[in-house]
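Novice: I have a structure here, written as structure tokens, and I will follow up with some questions on it.
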Amino acid sequence: MKPVLAILNDYQDVALSFGDFDSLRPHFDIRVFRRAFASDSETVAELTDAQVVVAMRERTSLGRSVIEALPQLKLIVTTGTRNAAIDLAAAAERGVVVSGTGMSRHAAGEHTWALLMAAARHIPAEVADLRAGGWQISVGAELHGRTLGIVGLGHIGSQMARYAQAFGMTVLAWSANLDAAHARELGVEPVTKERLFAESDVVTVHLVLSERSRGVVGAAELAALGPTGLLVNTSRGPLVDEAALVAALSSGTLGAAALDVFDAEPLPADHPLRTLPNVVATPHIGFVTDAAYSTAYSQAVEDIHAWLRGAPIRLL
């Protein structure tokens, strides 16, 4: 009997078409899981005989309790070069190799700008109304001459600055460790957190989630952004206090939100962020593009072949 190679969270059922997994069939029984596991216990039950696991980003938690309960596990391949859902220390203790892959350096920024534009011009509502037989129900907001505030001026934040400038926006930036010189090189004004939320028409969040950054946007920041303001978050849900966000959107304290990430994913079916009229939301698809998947899954296959040869690559 061949060992099991498990491909996780292939929501679109496309993994096998983006990577040459057929080249691995002589070595493995390949199993593809399309839906998310509901709990760690289900993860363990489904993966109990898996020798190799291919994880799509952070869709499945592979924490210590899971890793220690998988006796056959020898290799985890995660798409991307960082995965907070994998306990690397536990993997190392168990002798489990963890490799990463490339993704796309453009997909997330493009999707963020698409969400921003869709919310500013009420595109989802207008499309839905048109399909229902209607004709014009809203007045959109122009971006030219307005101010974008960027929380976190790393790779994606810097992309957002360039997009905003192309649309004629003034750009402000803040983070706890902001490189002011880098900001000025981009034509971005470094400011305090308070000033950013008070003066921006749109704020977009681009930080790595950590204990320090968790809840960095809370009720006070949302109130400062105000009833005409738009908050965009495509980074990680817990960067924004979700309860405060729902309250601000429901009361009108905050004008609108454009979201691709949430505290719990998949987002529960009855969650208010699915139905609030001033929310444009997508199901964490910022990285879901043909280019990103082609890179991720093809390199996942390369990682597995390298491990089989005894010379693992792209180690995390």
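For the structure tokens, the naming scheme is as follows: chains receive sequential letters (A, B, ...) according to their order of presentation, residues are indexed from 1 within each chain, and ligands are indexed from 1 in presentation order.
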Report as CSV: every residue of segment 213-300 of chain A with an atom at most 12 Å from segment 143-146 of chain A, its closest pair of atoms, and their distance in Å to one decimal, counting only C-alpha atoms, with rows sorted by chain and ascending residue number.

Specialist:
```
residue,atom,partner,partner_atom,distance
A:Thr228,CA,A:Arg146,CA,11.9
A:Gly229,CA,A:Arg146,CA,10.9
A:Leu230,CA,A:Leu143,CA,11.4
```

Novice: Name the residues in contact with Phe197 of chain A at a cut-off of 9 Å, using only C-alpha atoms, excluding same-chain residues fewer than 4 positions from it; report them as a PyMOL selection string.

Specialist: chain A and resi 149+192-193+201-203+221-226

Novice: Taking only C-alpha atoms into account, which of A:Val288, A:Val66, A:Ala166, A:Ala181 comes nearest Ala85 of chain A?

Specialist: A:Val66

Novice: Run DSSP on the backbone of this structure and report the residues of segment 6-83 of chain A it assigns to helix (DSSP H, G or I), as an mmCIF file with C-alpha atoms, in the first residue's frame.

Specialist:
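File written: part.cif
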```cif
data_model
loop_
_atom_site.group_PDB
_atom_site.id
_atom_site.type_symbol
_atom_site.label_atom_id
_atom_site.label_comp_id
_atom_site.auth_asym_id
_atom_site.auth_seq_id
_atom_site.Cartn_x
_atom_site.Cartn_y
_atom_site.Cartn_z
ATOM 1 C CA ALA A 15 -4.910 21.632 -7.408
ATOM 2 C CA LEU A 16 -4.285 18.637 -9.641
ATOM 3 C CA SER A 17 -4.554 20.812 -12.749
ATOM 4 C CA PHE A 18 -2.092 23.458 -11.520
ATOM 5 C CA PHE A 21 0.819 15.681 -9.158
ATOM 6 C CA ASP A 22 0.562 12.799 -11.636
ATOM 7 C CA SER A 23 4.353 12.559 -11.399
ATOM 8 C CA LEU A 24 3.909 11.640 -7.729
ATOM 9 C CA ASP A 40 -8.737 19.615 15.021
ATOM 10 C CA SER A 41 -10.269 16.242 15.838
ATOM 11 C CA GLU A 42 -11.694 16.006 12.324
ATOM 12 C CA THR A 43 -8.328 17.023 10.882
ATOM 13 C CA VAL A 44 -6.646 14.205 12.790
ATOM 14 C CA ALA A 45 -9.298 11.693 11.786
ATOM 15 C CA GLU A 46 -9.023 12.556 8.099
ATOM 16 C CA LEU A 47 -5.211 12.740 8.012
ATOM 17 C CA ARG A 64 1.024 20.867 18.079
ATOM 18 C CA SER A 65 -1.938 18.698 19.054
ATOM 19 C CA VAL A 66 -2.626 17.851 15.415
ATOM 20 C CA ILE A 67 0.990 17.183 14.445
ATOM 21 C CA GLU A 68 1.569 14.971 17.480
#
```

Novice: Pick out the residues sitting within 12 Å of Ala55 of chain A, and hand them over as number ranges by chain; count only C-alpha atoms, and ignore anything fewer than 2 positions along from it in its own chain.

Specialist: A: 5-11, 15, 32-34, 36, 43, 47, 52-53, 57-62, 75-86, 98-101, 296-297, 300

Novice: Applying 6 Å and only C-alpha atoms, which residues near Val188 of chain A remain after dropping the ones on its own chain fewer than 3 positions away? List them as a short mmCIF file (atom, residue, chain, number, x, y, z; two decimals) with all heavy atoms, in the first residue's frame.

Specialist:
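Output below, filename around06.cif:
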```
data_model
loop_
_atom_site.label_atom_id
_atom_site.label_comp_id
_atom_site.auth_asym_id
_atom_site.auth_seq_id
_atom_site.Cartn_x
_atom_site.Cartn_y
_atom_site.Cartn_z
N VAL A 171 -1.59 60.10 0.07
CA VAL A 171 -1.37 58.85 0.79
C VAL A 171 -0.65 59.12 2.10
O VAL A 171 0.41 59.76 2.13
CB VAL A 171 -0.57 57.83 -0.05
CG1 VAL A 171 -0.46 56.50 0.71
CG2 VAL A 171 -1.24 57.63 -1.41
N LEU A 172 -1.22 58.62 3.19
CA LEU A 172 -0.61 58.65 4.52
C LEU A 172 -0.29 57.22 4.94
O LEU A 172 -0.91 56.27 4.46
CB LEU A 172 -1.56 59.27 5.54
CG LEU A 172 -2.23 60.59 5.19
CD1 LEU A 172 -3.19 61.00 6.31
CD2 LEU A 172 -1.19 61.67 4.95
N ALA A 183 8.85 55.57 3.41
CA ALA A 183 7.56 56.19 3.09
C ALA A 183 7.76 57.42 2.22
O ALA A 183 7.08 57.59 1.19
CB ALA A 183 6.84 56.55 4.39
N ARG A 184 8.68 58.28 2.60
CA ARG A 184 8.90 59.51 1.83
C ARG A 184 9.41 59.21 0.44
O ARG A 184 9.09 59.92 -0.52
CB ARG A 184 9.85 60.42 2.60
CG ARG A 184 9.25 60.94 3.91
CD ARG A 184 10.11 62.02 4.55
NE ARG A 184 9.51 62.49 5.78
CZ ARG A 184 9.87 62.04 7.00
NH1 ARG A 184 10.82 61.12 7.12
NH2 ARG A 184 9.27 62.51 8.08
#
```

Novice: For Leu239 of chain A, please output as a VMD selection string all residues within 7 Å (counting only C-alpha atoms; exclusion window: fewer than 4 positions along the same chain).

Specialist: chain A and resid 209 213 to 217

Novice: Selection from above, N, CA, C and O atoms, as a short mmCIF file (atom, residue, chain, number, x, y, z; two decimals), in the first residue's frame, can you write it?

Specialist:
```
data_model
loop_
_atom_site.label_atom_id
_atom_site.label_comp_id
_atom_site.auth_asym_id
_atom_site.auth_seq_id
_atom_site.Cartn_x
_atom_site.Cartn_y
_atom_site.Cartn_z
N LEU A 209 -0.14 39.49 11.22
CA LEU A 209 -0.84 39.28 12.48
C LEU A 209 0.12 38.76 13.54
O LEU A 209 0.83 37.78 13.34
N SER A 213 -0.06 43.17 16.99
CA SER A 213 -0.91 43.80 15.98
C SER A 213 -2.38 43.38 16.08
O SER A 213 -3.24 44.03 15.47
N ARG A 214 -2.66 42.35 16.82
CA ARG A 214 -4.05 41.89 16.96
C ARG A 214 -4.91 43.04 17.51
O ARG A 214 -4.58 43.65 18.52
N GLY A 215 -6.03 43.32 16.84
CA GLY A 215 -6.93 44.38 17.30
C GLY A 215 -6.36 45.77 17.14
O GLY A 215 -6.82 46.71 17.81
N VAL A 216 -5.41 45.96 16.23
CA VAL A 216 -4.79 47.27 16.06
C VAL A 216 -5.80 48.31 15.59
O VAL A 216 -5.64 49.51 15.83
N VAL A 217 -6.86 47.85 14.93
CA VAL A 217 -7.97 48.73 14.56
C VAL A 217 -9.16 48.37 15.43
O VAL A 217 -9.71 47.27 15.33
#
```

Novice: If you count only C-alpha atoms, which residues fall within 9 Å of Val240 of chain A, apart from same-chain ones fewer than 2 positions away, as a compact mmCIF listing (two decimals) with N, CA, C and O atoms, in the first residue's frame?

Specialist:
```txt
# COMPACT_ATOMS: atom_id res chain seq x y z
N VAL A 205 -5.53 48.04 5.58
CA VAL A 205 -4.68 47.43 6.61
C VAL A 205 -3.79 46.36 5.99
O VAL A 205 -4.28 45.44 5.32
N ARG A 214 -2.66 42.35 16.82
CA ARG A 214 -4.05 41.89 16.96
C ARG A 214 -4.91 43.04 17.51
O ARG A 214 -4.58 43.65 18.52
N GLY A 215 -6.03 43.32 16.84
CA GLY A 215 -6.93 44.38 17.30
C GLY A 215 -6.36 45.77 17.14
O GLY A 215 -6.82 46.71 17.81
N VAL A 216 -5.41 45.96 16.23
CA VAL A 216 -4.79 47.27 16.06
C VAL A 216 -5.80 48.31 15.59
O VAL A 216 -5.64 49.51 15.83
N VAL A 217 -6.86 47.85 14.93
CA VAL A 217 -7.97 48.73 14.56
C VAL A 217 -9.16 48.37 15.43
O VAL A 217 -9.71 47.27 15.33
N GLY A 218 -9.54 49.29 16.30
CA GLY A 218 -10.64 49.06 17.21
C GLY A 218 -11.71 50.12 17.09
O GLY A 218 -11.76 50.88 16.12
N ASN A 233 -9.77 45.61 4.60
CA ASN A 233 -8.87 44.65 5.25
C ASN A 233 -8.80 43.37 4.42
O ASN A 233 -9.78 42.64 4.28
N ARG A 236 -5.42 40.03 7.61
CA ARG A 236 -5.89 39.00 8.52
C ARG A 236 -7.05 39.59 9.33
O ARG A 236 -6.96 40.73 9.81
N GLY A 237 -8.09 38.80 9.51
CA GLY A 237 -9.27 39.29 10.19
C GLY A 237 -9.01 39.88 11.56
O GLY A 237 -9.48 41.00 11.87
N PRO A 238 -8.27 39.19 12.44
CA PRO A 238 -8.10 39.69 13.81
C PRO A 238 -7.30 40.97 13.96
O PRO A 238 -7.18 41.49 15.07
N GLU A 242 -13.42 42.64 15.40
CA GLU A 242 -14.57 42.32 14.56
C GLU A 242 -15.89 42.74 15.21
O GLU A 242 -16.80 43.22 14.52
N ALA A 243 -16.00 42.59 16.50
CA ALA A 243 -17.23 43.02 17.18
C ALA A 243 -17.41 44.53 17.06
O ALA A 243 -18.52 45.02 16.81
N ALA A 244 -16.32 45.27 17.23
CA ALA A 244 -16.39 46.72 17.08
C ALA A 244 -16.71 47.10 15.64
O ALA A 244 -17.46 48.07 15.40
N LEU A 245 -16.18 46.35 14.69
CA LEU A 245 -16.46 46.63 13.28
C LEU A 245 -17.93 46.42 12.96
O LEU A 245 -18.56 47.27 12.31
N PHE A 262 -11.46 37.34 7.84
CA PHE A 262 -12.39 37.34 8.97
C PHE A 262 -11.78 36.58 10.14
O PHE A 262 -10.83 35.81 9.97
N ASP A 263 -12.35 36.78 11.33
CA ASP A 263 -11.84 36.07 12.50
C ASP A 263 -11.95 34.56 12.32
O ASP A 263 -11.01 33.82 12.62
```

Novice: Do you have the atom CA of Asp260 of chain A-atom CA of Ala108 of chain A distance handy?

Specialist: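 Atom-to-atom, atom CA of Asp260 of chain A to atom CA of Ala108 of chain A, that is 9.8 Å.
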
Novice: Enumerate as an MDAnalysis selection string all residues of segment 94-266 of chain A assigned to strand (DSSP E or B) by DSSP on the backbone, naming them with the chain letters and numbers the document uses.

Specialist: chainID A and resid 97:99 147:151 170:174 189:190 202:205 217 230:233 240 256:259

Novice: List the neighbours of Leu276 of chain A out to 10 Å using only C-alpha atoms; skip same-chain residues closer than 6 positions along the sequence, and give me the result as a count of residues only.

Specialist: 5

Novice: Could you jot down the atom CA of Glu185 of chain A to atom CA of Thr170 of chain A separation for me, Å, one decimal place?

Specialist: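 The value is 14.2 Å.
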
Novice: For atom CA of Pro283 of chain A and atom CA of Trp174 of chain A, quote the distance in Å rounded to one decimal.

Specialist: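 The value is 26.8 Å.
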